[in-house]
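*Asks:* Following this line is structure37.txt, made up of compact mmCIF, C-alpha atoms and all ligand atoms:
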# COMPACT_ATOMS: atom_id res chain seq x y z
CA MET A 1193 -12.75 10.50 -8.01
CA LYS A 1194 -10.16 12.54 -9.81
CA ILE A 1195 -7.06 14.60 -9.19
CA LEU A 1196 -7.61 17.88 -11.01
CA SER A 1197 -4.19 19.36 -10.35
CA PHE A 1198 -1.22 18.94 -8.05
CA GLU A 1199 1.70 20.90 -6.76
CA LEU A 1200 4.95 19.62 -5.24
CA LYS A 1201 7.52 21.73 -3.44
CA ASN A 1202 10.89 20.31 -2.44
CA PHE A 1203 9.50 16.79 -2.52
CA ARG A 1204 12.61 14.67 -3.22
CA ASN A 1205 14.06 16.01 -6.50
CA CYS A 1206 10.81 17.80 -7.45
CA ILE A 1207 11.68 21.34 -6.35
CA SER A 1208 8.66 22.93 -7.91
CA VAL A 1209 6.14 20.96 -9.95
CA ASN A 1210 2.73 22.33 -10.73
CA LYS A 1211 0.40 20.52 -13.09
CA SER A 1212 -3.25 20.38 -14.10
CA LEU A 1213 -4.41 16.97 -15.21
CA VAL A 1214 -6.58 17.51 -18.25
CA ALA A 1215 -7.15 13.99 -19.56
CA ASP A 1216 -8.32 10.84 -17.78
CA LYS A 1217 -5.04 9.19 -18.71
CA THR A 1218 -1.73 10.88 -18.01
CA LEU A 1219 1.49 9.31 -19.22
CA ILE A 1220 4.70 10.48 -17.56
CA ILE A 1221 7.77 9.75 -19.63
CA GLY A 1222 11.34 10.18 -18.47
CA LYS A 1223 14.72 8.49 -18.25
CA ASN A 1224 15.67 6.61 -15.10
CA GLY A 1225 16.23 8.69 -12.01
CA GLN A 1226 14.39 11.78 -13.26
CA GLY A 1227 11.53 11.77 -10.76
CA LYS A 1228 8.67 9.73 -12.27
CA THR A 1229 8.28 7.51 -9.23
CA ASN A 1230 8.72 10.52 -6.93
CA ILE A 1231 5.63 12.15 -8.44
CA LEU A 1232 3.50 9.03 -8.00
CA GLU A 1233 4.90 8.55 -4.50
CA ALA A 1234 3.80 12.10 -3.57
CA LEU A 1235 0.29 11.49 -4.89
CA TYR A 1236 0.09 8.16 -3.13
CA PHE A 1237 1.28 9.78 0.09
CA LEU A 1238 -1.49 12.32 -0.21
CA SER A 1239 -3.97 9.47 -0.15
CA ALA A 1240 -2.45 6.98 2.30
CA LEU A 1241 0.08 9.04 4.31
CA LYS A 1242 2.40 6.13 3.63
CA SER A 1243 4.94 5.21 1.03
CA PRO A 1244 6.05 1.78 -0.09
CA ARG A 1245 9.61 3.14 -0.27
CA THR A 1246 10.08 4.53 3.22
CA SER A 1247 8.40 5.02 6.56
CA ASN A 1248 10.63 7.99 7.33
CA ILE A 1249 8.98 11.20 6.20
CA LYS A 1250 12.30 13.10 6.40
CA GLU A 1251 13.51 11.26 3.32
CA PHE A 1252 10.97 13.15 1.23
CA ILE A 1253 12.59 16.51 1.91
CA ASN A 1254 14.86 17.63 -0.88
CA PHE A 1255 18.51 17.17 0.08
CA ASN A 1256 19.12 20.93 0.15
CA GLU A 1257 15.94 21.96 1.94
CA GLN A 1258 14.24 21.86 5.34
CA SER A 1259 10.62 21.25 4.35
CA PHE A 1260 8.35 19.90 1.64
CA GLN A 1261 4.79 20.38 0.51
CA ILE A 1262 2.31 18.30 -1.49
CA LYS A 1263 -0.94 19.90 -2.55
CA ALA A 1264 -3.74 18.75 -4.84
CA ASP A 1265 -7.22 19.69 -5.93
CA ILE A 1266 -9.42 16.65 -6.17
CA ILE A 1267 -13.01 16.10 -7.18
CA LYS A 1268 -15.08 13.54 -5.33
CA ASN A 1269 -18.85 13.14 -5.56
CA ASP A 1270 -18.88 16.35 -7.62
CA VAL A 1271 -17.26 18.30 -4.79
CA VAL A 1272 -13.84 19.90 -5.25
CA SER A 1273 -11.44 19.88 -2.28
CA THR A 1274 -7.89 21.00 -1.74
CA LEU A 1275 -5.65 18.57 0.13
CA GLU A 1276 -2.36 19.68 1.55
CA VAL A 1277 0.55 18.07 3.38
CA ASN A 1278 3.22 20.32 4.86
CA TYR A 1279 6.26 19.03 6.64
CA VAL A 1280 9.01 21.05 8.24
CA LEU A 1281 12.04 19.20 9.58
CA GLY A 1282 11.75 18.68 13.34
CA GLU A 1283 8.03 19.41 13.44
CA SER A 1284 5.07 17.13 13.02
CA LYS A 1285 3.42 17.02 9.61
CA LYS A 1286 0.53 19.40 9.03
CA LEU A 1287 -2.50 18.17 7.11
CA SER A 1288 -5.32 20.26 5.82
CA VAL A 1289 -8.46 19.96 3.71
CA ASN A 1290 -9.66 23.21 2.16
CA GLY A 1291 -7.26 25.10 4.40
CA ILE A 1292 -8.68 23.59 7.59
CA LYS A 1293 -6.31 21.59 9.76
CA VAL A 1294 -7.33 17.95 10.14
CA SER A 1295 -5.97 14.85 11.89
CA ALA A 1296 -4.24 12.02 10.03
CA LYS A 1297 -7.32 9.92 10.63
CA GLU A 1298 -9.58 12.48 8.92
CA PHE A 1299 -7.12 13.12 6.14
CA ARG A 1300 -6.25 9.57 5.21
CA GLY A 1301 -8.50 8.05 2.65
CA PHE A 1302 -9.92 11.38 1.50
CA LEU A 1303 -8.25 10.66 -1.81
CA LYS A 1304 -8.38 6.96 -2.73
CA THR A 1305 -5.65 5.50 -4.88
CA VAL A 1306 -4.33 2.12 -5.96
CA LEU A 1307 -0.62 2.09 -6.60
CA PHE A 1308 0.75 -0.66 -8.79
CA SER A 1309 4.49 -0.54 -9.26
CA SER A 1310 7.02 -2.92 -10.75
CA ASN A 1311 8.07 -3.75 -7.16
CA ASP A 1312 4.65 -5.29 -6.57
CA LEU A 1313 5.50 -7.88 -9.18
CA MET A 1314 8.07 -9.19 -6.68
CA LEU A 1315 5.47 -9.62 -3.94
CA LEU A 1316 5.53 -13.41 -4.02
CA ARG A 1317 9.31 -13.60 -3.89
CA GLY A 1318 9.49 -10.96 -1.17
CA SER A 1319 9.36 -11.38 2.59
CA PRO A 1320 6.24 -11.97 4.69
CA GLN A 1321 6.69 -8.36 5.83
CA ASP A 1322 6.33 -7.19 2.19
CA ARG A 1323 3.09 -9.14 1.84
CA ARG A 1324 1.71 -7.89 5.16
CA ASP A 1325 2.58 -4.32 4.15
CA TRP A 1326 0.75 -4.71 0.84
CA LEU A 1327 -2.30 -6.12 2.62
CA ASP A 1328 -2.31 -3.47 5.35
CA ARG A 1329 -1.98 -0.64 2.82
CA ALA A 1330 -4.85 -2.06 0.78
CA ILE A 1331 -7.07 -2.35 3.85
CA VAL A 1332 -6.29 1.20 5.01
CA GLN A 1333 -7.63 2.56 1.71
CA ILE A 1334 -11.01 0.98 2.41
CA TYR A 1335 -11.00 1.29 6.16
CA PRO A 1336 -8.82 4.25 7.25
CA ALA A 1337 -9.32 3.58 10.99
CA TYR A 1338 -7.44 0.28 10.54
CA ASP A 1339 -4.17 2.21 10.60
CA GLU A 1340 -4.78 3.28 14.21
CA ARG A 1341 -5.33 -0.34 15.13
CA LEU A 1342 -2.00 -1.30 13.60
CA THR A 1343 -0.26 1.53 15.44
CA LYS A 1344 -1.82 0.48 18.72
CA TYR A 1345 -0.76 -3.14 18.27
CA GLU A 1346 2.75 -2.07 17.35
CA ARG A 1347 3.00 0.15 20.44
CA ILE A 1348 2.05 -2.69 22.80
CA ARG A 1349 4.37 -5.09 21.00
CA LEU A 1350 7.33 -2.71 21.43
CA GLN A 1351 6.53 -2.30 25.13
CA LYS A 1352 6.41 -6.05 25.51
CA ASN A 1353 9.71 -6.45 23.66
CA ARG A 1354 11.34 -3.97 26.00
CA LEU A 1355 10.03 -5.91 28.96
CA LEU A 1356 11.30 -9.21 27.53
CA LYS A 1357 14.78 -7.72 27.28
CA GLU A 1358 14.90 -6.80 30.97
CA GLU A 1359 16.92 -8.93 33.36
CA PHE A 1360 14.06 -9.61 35.73
CA ILE A 1361 10.76 -9.87 33.95
CA ASP A 1362 7.65 -8.70 35.75
CA ARG A 1363 5.34 -11.64 34.95
CA GLU A 1364 2.24 -9.77 35.92
CA LEU A 1365 3.03 -6.95 33.52
CA LEU A 1366 3.84 -9.50 30.82
CA ASN A 1367 0.40 -11.02 31.28
CA VAL A 1368 -1.18 -7.59 30.94
CA TYR A 1369 0.69 -6.97 27.69
CA ASN A 1370 -0.25 -10.41 26.39
CA GLU A 1371 -3.89 -9.81 27.14
CA GLN A 1372 -3.80 -6.47 25.28
CA LEU A 1373 -1.83 -7.98 22.40
CA ALA A 1374 -4.28 -10.83 22.04
CA ILE A 1375 -7.27 -8.49 21.82
CA SER A 1376 -5.59 -6.04 19.47
CA GLY A 1377 -3.98 -8.84 17.41
CA ALA A 1378 -7.19 -10.82 17.02
CA ASN A 1379 -8.84 -7.72 15.67
CA ILE A 1380 -6.13 -7.20 13.05
CA ILE A 1381 -6.10 -10.85 12.01
CA HIS A 1382 -9.87 -10.87 11.71
CA ILE A 1383 -9.91 -7.77 9.46
CA ARG A 1384 -7.07 -9.12 7.32
CA LYS A 1385 -8.84 -12.45 6.84
CA LYS A 1386 -12.10 -10.77 5.95
CA TYR A 1387 -10.41 -8.56 3.37
CA LEU A 1388 -8.49 -11.49 1.86
CA ASN A 1389 -11.62 -13.56 1.70
CA GLU A 1390 -13.35 -10.86 -0.34
CA ILE A 1391 -10.46 -9.90 -2.59
CA SER A 1392 -9.60 -13.50 -3.37
CA LYS A 1393 -13.01 -14.08 -4.95
CA ILE A 1394 -12.57 -11.11 -7.29
CA ALA A 1395 -8.91 -11.83 -7.97
CA SER A 1396 -9.61 -15.49 -8.85
CA LYS A 1397 -12.11 -14.48 -11.52
CA LYS A 1398 -9.67 -12.06 -13.07
CA HIS A 1399 -6.87 -14.55 -12.77
CA SER A 1400 -8.71 -17.29 -14.60
CA ALA A 1401 -9.73 -14.83 -17.33
CA ILE A 1402 -6.08 -13.94 -18.02
CA SER A 1403 -4.60 -17.37 -17.52
CA SER A 1404 -7.19 -19.50 -19.32
CA SER A 1405 -8.70 -20.99 -16.19
CA GLU A 1406 -5.91 -21.63 -13.75
CA ILE A 1407 -7.31 -21.46 -10.25
CA LEU A 1408 -5.99 -18.89 -7.80
CA THR A 1409 -6.58 -19.20 -4.08
CA ILE A 1410 -5.35 -16.88 -1.35
CA ASP A 1411 -4.97 -17.85 2.27
CA TYR A 1412 -3.95 -16.22 5.52
CA ASN A 1413 -1.77 -18.44 7.66
CA TYR A 1414 -3.61 -17.93 10.94
CA SER A 1415 -6.77 -19.92 11.23
CA GLY A 1416 -9.97 -19.07 13.05
CA GLU A 1417 -13.52 -18.53 11.90
CA ASN A 1418 -14.36 -15.38 13.82
CA VAL A 1419 -12.77 -12.83 16.10
CA GLU A 1420 -13.65 -14.84 19.25
CA THR A 1421 -11.99 -18.06 18.08
CA ILE A 1422 -8.94 -16.11 16.88
CA LEU A 1423 -8.73 -14.40 20.27
CA GLU A 1424 -8.92 -17.72 22.13
CA SER A 1425 -6.20 -19.33 20.06
CA LEU A 1426 -3.95 -16.27 20.28
CA LYS A 1427 -4.32 -16.27 24.06
CA SER A 1428 -3.46 -19.92 24.41
CA GLU A 1429 -0.55 -19.65 21.99
CA LEU A 1430 0.85 -16.68 23.92
CA GLN A 1431 0.60 -18.81 27.07
CA GLN A 1432 2.17 -21.89 25.50
CA ARG A 1433 5.09 -20.03 23.98
CA GLN A 1434 5.84 -17.73 26.90
CA ALA A 1435 9.03 -19.57 27.86
CA GLU A 1436 10.24 -19.38 24.26
CA GLU A 1437 9.48 -15.66 24.09
CA MET A 1438 11.36 -15.07 27.32
CA ALA A 1439 14.34 -17.07 26.07
CA ARG A 1440 14.41 -15.27 22.73
CA LYS A 1441 13.63 -11.91 24.36
CA GLN A 1442 11.08 -11.02 21.71
CA SER A 1443 7.43 -11.57 20.93
CA CYS A 1444 6.98 -14.51 18.59
CA VAL A 1445 3.19 -14.74 18.43
CA GLY A 1446 0.76 -12.44 16.67
CA PRO A 1447 -0.12 -10.75 13.36
CA HIS A 1448 3.38 -9.29 12.99
CA ARG A 1449 4.53 -12.86 12.28
CA ASP A 1450 1.79 -13.85 9.85
CA ASP A 1451 1.94 -14.35 6.10
CA ILE A 1452 -0.33 -14.42 3.08
CA LEU A 1453 -0.18 -17.52 0.94
CA PHE A 1454 -1.00 -17.72 -2.76
CA TYR A 1455 -1.78 -20.92 -4.62
CA ILE A 1456 -2.21 -21.60 -8.32
CA ASN A 1457 -4.06 -24.87 -8.92
CA SER A 1458 -3.30 -25.73 -5.28
CA ASN A 1459 0.47 -25.29 -5.65
CA ASP A 1460 2.31 -22.74 -3.55
CA ALA A 1461 2.82 -19.91 -6.04
CA SER A 1462 5.84 -18.46 -4.24
CA LYS A 1463 7.68 -21.74 -4.89
CA TYR A 1464 6.25 -23.17 -8.08
CA ALA A 1465 4.79 -20.36 -10.19
CA SER A 1466 6.78 -19.27 -13.24
CA GLN A 1467 7.60 -15.60 -13.62
CA GLY A 1468 4.71 -15.22 -16.07
CA GLN A 1469 2.28 -16.92 -13.71
CA GLN A 1470 3.39 -14.68 -10.86
CA ARG A 1471 2.80 -11.59 -12.96
CA THR A 1472 -0.67 -12.77 -13.90
CA LEU A 1473 -1.40 -13.35 -10.24
CA ILE A 1474 -0.22 -9.89 -9.14
CA LEU A 1475 -2.06 -8.21 -12.01
CA ALA A 1476 -5.26 -10.00 -11.01
CA LEU A 1477 -4.69 -9.04 -7.39
CA LYS A 1478 -4.12 -5.35 -8.14
CA LEU A 1479 -7.15 -5.12 -10.43
CA ALA A 1480 -9.20 -6.80 -7.71
CA GLU A 1481 -7.94 -4.19 -5.23
CA LEU A 1482 -9.17 -1.51 -7.61
CA ASP A 1483 -12.58 -3.16 -8.05
CA MET A 1484 -13.05 -3.63 -4.35
CA LEU A 1485 -12.19 -0.04 -3.54
CA GLN A 1486 -14.55 1.19 -6.23
CA ASP A 1487 -17.25 -1.10 -4.93
CA LYS A 1488 -16.89 -0.01 -1.29
CA THR A 1489 -16.63 3.71 -1.94
CA GLY A 1490 -18.98 3.94 -4.90
CA GLU A 1491 -16.43 5.86 -6.92
CA PRO A 1492 -13.42 4.69 -8.88
CA PRO A 1493 -10.11 5.44 -7.12
CA VAL A 1494 -7.18 6.98 -8.94
CA LEU A 1495 -4.88 4.34 -10.40
CA LEU A 1496 -1.15 4.96 -10.27
CA LEU A 1497 0.84 2.62 -12.52
CA ASP A 1498 4.56 2.93 -11.98
CA ASP A 1499 6.62 1.31 -14.71
CA VAL A 1500 4.51 -1.83 -14.83
CA LEU A 1501 3.61 -2.03 -18.49
CA ALA A 1502 7.20 -2.66 -19.50
CA GLU A 1503 7.21 -5.69 -17.23
CA LEU A 1504 4.13 -7.30 -18.77
CA ASP A 1505 3.84 -9.16 -22.05
CA ASP A 1506 1.29 -8.16 -24.73
CA LEU A 1507 -1.48 -10.37 -23.40
CA ARG A 1508 -1.24 -9.01 -19.86
CA GLN A 1509 -0.70 -5.43 -21.04
CA ASN A 1510 -3.88 -5.60 -23.07
CA PHE A 1511 -5.82 -7.05 -20.20
CA LEU A 1512 -4.62 -4.25 -17.95
CA LEU A 1513 -5.33 -1.47 -20.43
CA LYS A 1514 -8.78 -2.84 -21.19
CA SER A 1515 -9.58 -3.18 -17.51
CA ILE A 1516 -8.96 0.46 -16.80
CA ASN A 1517 -12.00 1.77 -18.56
CA SER A 1518 -12.19 5.42 -19.38
CA ASP A 1519 -13.72 6.71 -16.17
CA ILE A 1520 -10.82 5.54 -14.04
CA GLN A 1521 -8.26 8.29 -13.85
CA THR A 1522 -4.90 6.67 -14.44
CA ILE A 1523 -1.43 8.12 -14.15
CA LEU A 1524 1.21 5.92 -15.75
CA THR A 1525 4.97 6.19 -15.92
CA SER A 1526 7.29 4.70 -18.49
CA VAL A 1527 10.80 5.21 -19.83
CA ASP A 1528 9.45 5.76 -23.35
CA THR A 1529 6.29 5.66 -25.44
CA LEU A 1530 7.32 2.61 -27.49
CA LEU A 1531 5.08 0.26 -25.55
CA PHE A 1532 1.89 2.17 -26.22
CA ASP A 1533 -0.15 2.00 -29.38
CA GLU A 1534 -1.23 5.06 -31.38
CA VAL A 1535 -4.84 4.87 -30.24
CA PHE A 1536 -3.84 4.92 -26.61
CA LEU A 1537 -1.29 7.70 -27.14
CA SER A 1538 -3.83 9.87 -28.94
CA LYS A 1539 -5.98 9.87 -25.80
CA VAL A 1540 -3.35 10.52 -23.13
CA ASP A 1541 -1.84 13.69 -21.81
CA LEU A 1542 1.89 13.16 -22.30
CA LEU A 1543 4.29 14.70 -19.78
CA ARG A 1544 8.05 14.56 -19.84
CA VAL A 1545 10.01 14.58 -16.61
CA GLN A 1546 13.61 15.63 -16.41
CA ASP A 1547 15.59 16.43 -13.26
CA GLY A 1548 12.46 16.54 -11.14
CA ALA A 1549 10.65 18.99 -13.41
CA ILE A 1550 7.90 18.59 -15.97
CA ILE A 1551 9.18 19.90 -19.28
CA GLU A 1552 7.32 20.49 -22.53
CA LYS A 1553 6.30 17.41 -24.52
N1 LIG B 1601 15.20 13.63 -0.73
C1 LIG B 1601 15.68 13.77 -1.98
N2 LIG B 1601 16.20 14.96 -2.39
C2 LIG B 1601 16.64 15.12 -3.65
N3 LIG B 1601 16.64 14.14 -4.57
C3 LIG B 1601 16.14 12.94 -4.21
C4 LIG B 1601 15.63 12.69 -2.90
N4 LIG B 1601 15.18 11.41 -2.85
C5 LIG B 1601 15.43 10.89 -4.06
N5 LIG B 1601 16.00 11.78 -4.89
C6 LIG B 1601 16.41 11.62 -6.27
O1 LIG B 1601 15.31 11.23 -7.06
C7 LIG B 1601 15.79 10.47 -8.15
C8 LIG B 1601 14.97 9.21 -8.32
O2 LIG B 1601 13.72 9.58 -8.71
P1 LIG B 1601 12.67 8.49 -9.17
O3 LIG B 1601 11.38 9.16 -9.18
O4 LIG B 1601 12.80 7.25 -8.33
O5 LIG B 1601 13.18 8.19 -10.64
P2 LIG B 1601 12.42 7.48 -11.85
O6 LIG B 1601 12.15 8.56 -12.84
O7 LIG B 1601 13.41 6.48 -12.36
O8 LIG B 1601 11.20 6.85 -11.33
C9 LIG B 1601 17.23 10.12 -7.88
O9 LIG B 1601 18.02 10.91 -8.72
C10 LIG B 1601 17.40 10.49 -6.43
O10 LIG B 1601 18.70 10.93 -6.16
MG MG B 1602 10.77 4.84 -11.07
With the file now loaded, output its structure as C-alpha cells.

*Replies:*
Amino acid sequence: MKILSFELKNFRNCISVNKSLVADKTLIIGKNGQGKTNILEALYFLSALKSPRTSNIKEFINFNEQSFQIKADIIKNDVVSTLEVNYVLGESKKLSVNGIKVSAKEFRGFLKTVLFSSNDLMLLRGSPQDRRDWLDRAIVQIYPAYDERLTKYERIRLQKNRLLKEEFIDRELLNVYNEQLAISGANIIHIRKKYLNEISKIASKKHSAISSSEILTIDYNYSGENVETILESLKSELQQRQAEEMARKQSCVGPHRDDILFYINSNDASKYASQGQQRTLILALKLAELDMLQDKTGEPPVLLLDDVLAELDDLRQNFLLKSINSDIQTILTSVDTLLFDEVFLSKVDLLRVQDGAIIEK
C-alpha cells in the first residue's frame, strides 16, 4: 500500500500543501514548529480518523479559517483510490472515496498506517490511558469495526455516570446499564487480550534480537480465558463494587480502568527498565505492530516515523532502518539530515518544510 500524492488545505499551519511522493522513502526536514508533525498527523488522520494529539477535530482547522481538507491518492492491491476528508466548522465531517460519500466505518482503515513518534517512547512512563489509547488505535487499524464497539461502551458508561450522580438512583436502571456495560466491556477486553497475545509474540522476538536476548512479556491486567469468563467476572465485580460506585458517583469497573503491563526478564519495565531498555521495548513493539498489520492485510502499511531516529542510538537506529525494507513506504521527519548516512540519503526524496509549506530542497 502506498500514498501516491497528498493535498492539505488549511490543516493546522499547512494552508496549501500538494505533493507527489516519488520514492519509497520520503524524508521531511524542517526546524521545530514548521509543520512536520502536522503533515504526518494529517496522513494518519486519513487512515484512522484519529490523532494522538487531539480528539477535537476543530483543532485541525487553521486559526484563520473555517474549514480544512485532507486528500490523498493511494494505491492498494494495484487499485488507485482518492480519499478525502472535508470538515467545515459546525458541520459533521464529510468522508469520500473516489468522490463517493462513505461512512466513517467504511472510510477508516482504507489506508493503513503505523505511526511511530517520539511521544511513543514515553509510553511506559505515561498513564494507563496513554497505553490503552495506543492499544485501541493499533487494534482499529486491523479491525476497523472495533472503534464502534469502543464508542458504544463509552456511551453506556457516560449514561451510567450521569445516573450515579443523581440524588436518587434508579437501581433497576443501574442494573440495566451494568448488564450492557458487562457485555460491551467483556467484548473489548477480549479483543484487547487477543491482540496483545499475538503482538507480544512478535515483539518479544524483535526485542531479544535488539537487546541480546532479554525477555519481553506483555500482559493485560484483567484476567479471563475467554469472553464468557471475562463476562462472568465483570458482572460479579460490578455487583460487588456497586456500593463503592454509588459512593464515588462514577463507574470504577471495566476496560476504561485497565492497563497494559510490560516486563523485561520478569521485572516491571515501567519501574525498572532503563531509558535505553524502554526504547528497545517500544521499538520492538512498533515494529511488531507493523508486521502484524502487514500479516493481517497482506500488504505493508505506510510507516510514519515522526522524529524518532534522533531519539535512538546507533544500534537501535540501524535495527529500525534495516527493518523497514524497501517495499514499505516510509515517511520520516527530522530536524536535519545529520543522522542519516549517505547511502540512505541517496535513496530518499528530501522535502523541506517551512511555515507549513514544502519548499525546494
Ligand atoms: N490549528 C492551527 N492553525 C494554525 N497553526 C497551527 C494550528 N495547530 C498548530 N499550529 C502550528 O503548527 C506548528 C507546529 O507544527 P508541528 O508540525 O507540530 O511542528 P514540527 O515541525 O516541529 O513537527 C506550530 O507553529 C503551531 O502554532
Ligand atoms: Mg514535530

*Asks:* Can you pull out every residue with an atom within 10 Å of ligand MG 1602 (chain B)? Use all atoms listed in the file and format it as a PyMOL selection string.

*Replies:* chain A and resi 1222-1233+1309-1311+1498-1500+1525-1527

*Asks:* Ile1456 (chain A): which residues within 12 Å, counting all atoms listed in the file, same-chain residues fewer than 2 positions away excluded, as a ChimeraX atom specification?

*Replies:* /A:1395-1396,1399-1400,1403,1405-1411,1453-1454,1458-1466,1469-1470,1472-1474

*Asks:* Write a file of the just-selected residues containing C-alpha atoms, as a PDB file, keeping the file's coordinate frame.

*Replies:*
ATOM      1  CA  ALA A1395      -8.910 -11.830  -7.970  1.00  0.00           C
ATOM      2  CA  SER A1396      -9.610 -15.490  -8.850  1.00  0.00           C
ATOM      3  CA  HIS A1399      -6.870 -14.550 -12.770  1.00  0.00           C
ATOM      4  CA  SER A1400      -8.710 -17.290 -14.600  1.00  0.00           C
ATOM      5  CA  SER A1403      -4.600 -17.370 -17.520  1.00  0.00           C
ATOM      6  CA  SER A1405      -8.700 -20.990 -16.190  1.00  0.00           C
ATOM      7  CA  GLU A1406      -5.910 -21.630 -13.750  1.00  0.00           C
ATOM      8  CA  ILE A1407      -7.310 -21.460 -10.250  1.00  0.00           C
ATOM      9  CA  LEU A1408      -5.990 -18.890  -7.800  1.00  0.00           C
ATOM     10  CA  THR A1409      -6.580 -19.200  -4.080  1.00  0.00           C
ATOM     11  CA  ILE A1410      -5.350 -16.880  -1.350  1.00  0.00           C
ATOM     12  CA  ASP A1411      -4.970 -17.850   2.270  1.00  0.00           C
ATOM     13  CA  LEU A1453      -0.180 -17.520   0.940  1.00  0.00           C
ATOM     14  CA  PHE A1454      -1.000 -17.720  -2.760  1.00  0.00           C
ATOM     15  CA  SER A1458      -3.300 -25.730  -5.280  1.00  0.00           C
ATOM     16  CA  ASN A1459       0.470 -25.290  -5.650  1.00  0.00           C
ATOM     17  CA  ASP A1460       2.310 -22.740  -3.550  1.00  0.00           C
ATOM     18  CA  ALA A1461       2.820 -19.910  -6.040  1.00  0.00           C
ATOM     19  CA  SER A1462       5.840 -18.460  -4.240  1.00  0.00           C
ATOM     20  CA  LYS A1463       7.680 -21.740  -4.890  1.00  0.00           C
ATOM     21  CA  TYR A1464       6.250 -23.170  -8.080  1.00  0.00           C
ATOM     22  CA  ALA A1465       4.790 -20.360 -10.190  1.00  0.00           C
ATOM     23  CA  SER A1466       6.780 -19.270 -13.240  1.00  0.00           C
ATOM     24  CA  GLN A1469       2.280 -16.920 -13.710  1.00  0.00           C
ATOM     25  CA  GLN A1470       3.390 -14.680 -10.860  1.00  0.00           C
ATOM     26  CA  THR A1472      -0.670 -12.770 -13.900  1.00  0.00           C
ATOM     27  CA  LEU A1473      -1.400 -13.350 -10.240  1.00  0.00           C
ATOM     28  CA  ILE A1474      -0.220  -9.890  -9.140  1.00  0.00           C
TER      29      ILE A1474
END

*Asks:* So that I can check the surroundings of Glu1298 (chain A), please list as a list in words every protein, DNA and RNA residue that reaches within 10 Å of it, counting only C-alpha atoms and ignoring chain neighbours fewer than 4 positions away.

*Replies:* Leu1287, Ser1288, Val1289, Lys1293, Val1294, Phe1302, Pro1336 and Ala1337 of chain A

*Asks:* Taking 2 positions as the minimum chain separation for residues in the same chain, which residues sit within 12 Å of Gly1490 (chain A) when counting all atoms listed in the file? Answer as a list in words.

*Replies:*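 Skipping anything fewer than 2 positions along the chain leaves Met1193, Lys1268, Asn1269, Lys1304, Ile1334, Leu1482, Asp1483, Met1484, Leu1485, Gln1486, Asp1487, Lys1488, Pro1492 and Pro1493 of chain A.
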
*Asks:* CA of Ser1197 (chain A) to CA of Leu1213 (chain A): how many Å, to one decimal?

*Replies:*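 Straight-line distance from CA of Ser1197 (chain A) to CA of Leu1213 (chain A) works out to 5.4 Å.
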
*Asks:* Find the distance between CA of Lys1297 (chain A) and CA of Leu1200 (chain A) and write it in Å to one decimal.

*Replies:*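 Answer for the CA of Lys1297 (chain A) to CA of Leu1200 (chain A) separation: 22.3 Å.
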
*Asks:* Show me, as a list of chain:residue names, the residues that have an atom within 12 Å of Glu1283 (chain A) when counting all atoms listed in the file, minus same-chain residues fewer than 2 positions from it.

*Replies:* A:Ile1249, A:Lys1250, A:Gln1258, A:Ser1259, A:Phe1260, A:Asn1278, A:Tyr1279, A:Val1280, A:Leu1281, A:Lys1285, A:Lys1286

*Asks:* Just the number, please: distance in Å from CA of Cys1444 (chain A) to CA of Asp1339 (chain A), one decimal.

*Replies:*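 Answer for the CA of Cys1444 (chain A) to CA of Asp1339 (chain A) separation: 21.6 Å.
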
*Asks:* For Leu1537 (chain A), which of A:Ser1443, A:Thr1218, A:Asn1367, A:Thr1274 is the closest residue, counting all atoms listed in the file?

*Replies:*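 Nearest candidate to Leu1537 (chain A) out of A:Ser1443, A:Thr1218, A:Asn1367, A:Thr1274: A:Thr1218.
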
*Asks:* Considering only C-alpha atoms, can you say which of A:Asn1254, A:Val1545, A:Lys1242, A:Leu1477 comes closest to Lys1201 (chain A)?

*Replies:*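 Checking each candidate against Lys1201 (chain A), we get A:Asn1254 as the closest.
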
*Asks:* In terms of the shortest atom-to-atom distance over all atoms listed in the file, which of A:Leu1327, A:Ile1266, A:Ile1221, A:Cys1206 is closest to Ile1253 (chain A)?

*Replies:*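 For Ile1253 (chain A), the nearest of the candidates is A:Cys1206.
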
*Asks:* My list of candidates is A:Ile1262, A:Ser1243, A:Ile1375, A:Lys1386. Which is closest to Arg1329 (chain A) when distances are computed with all atoms listed in the file?

*Replies:*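 Among the listed residues, A:Ser1243 lies closest to Arg1329 (chain A).
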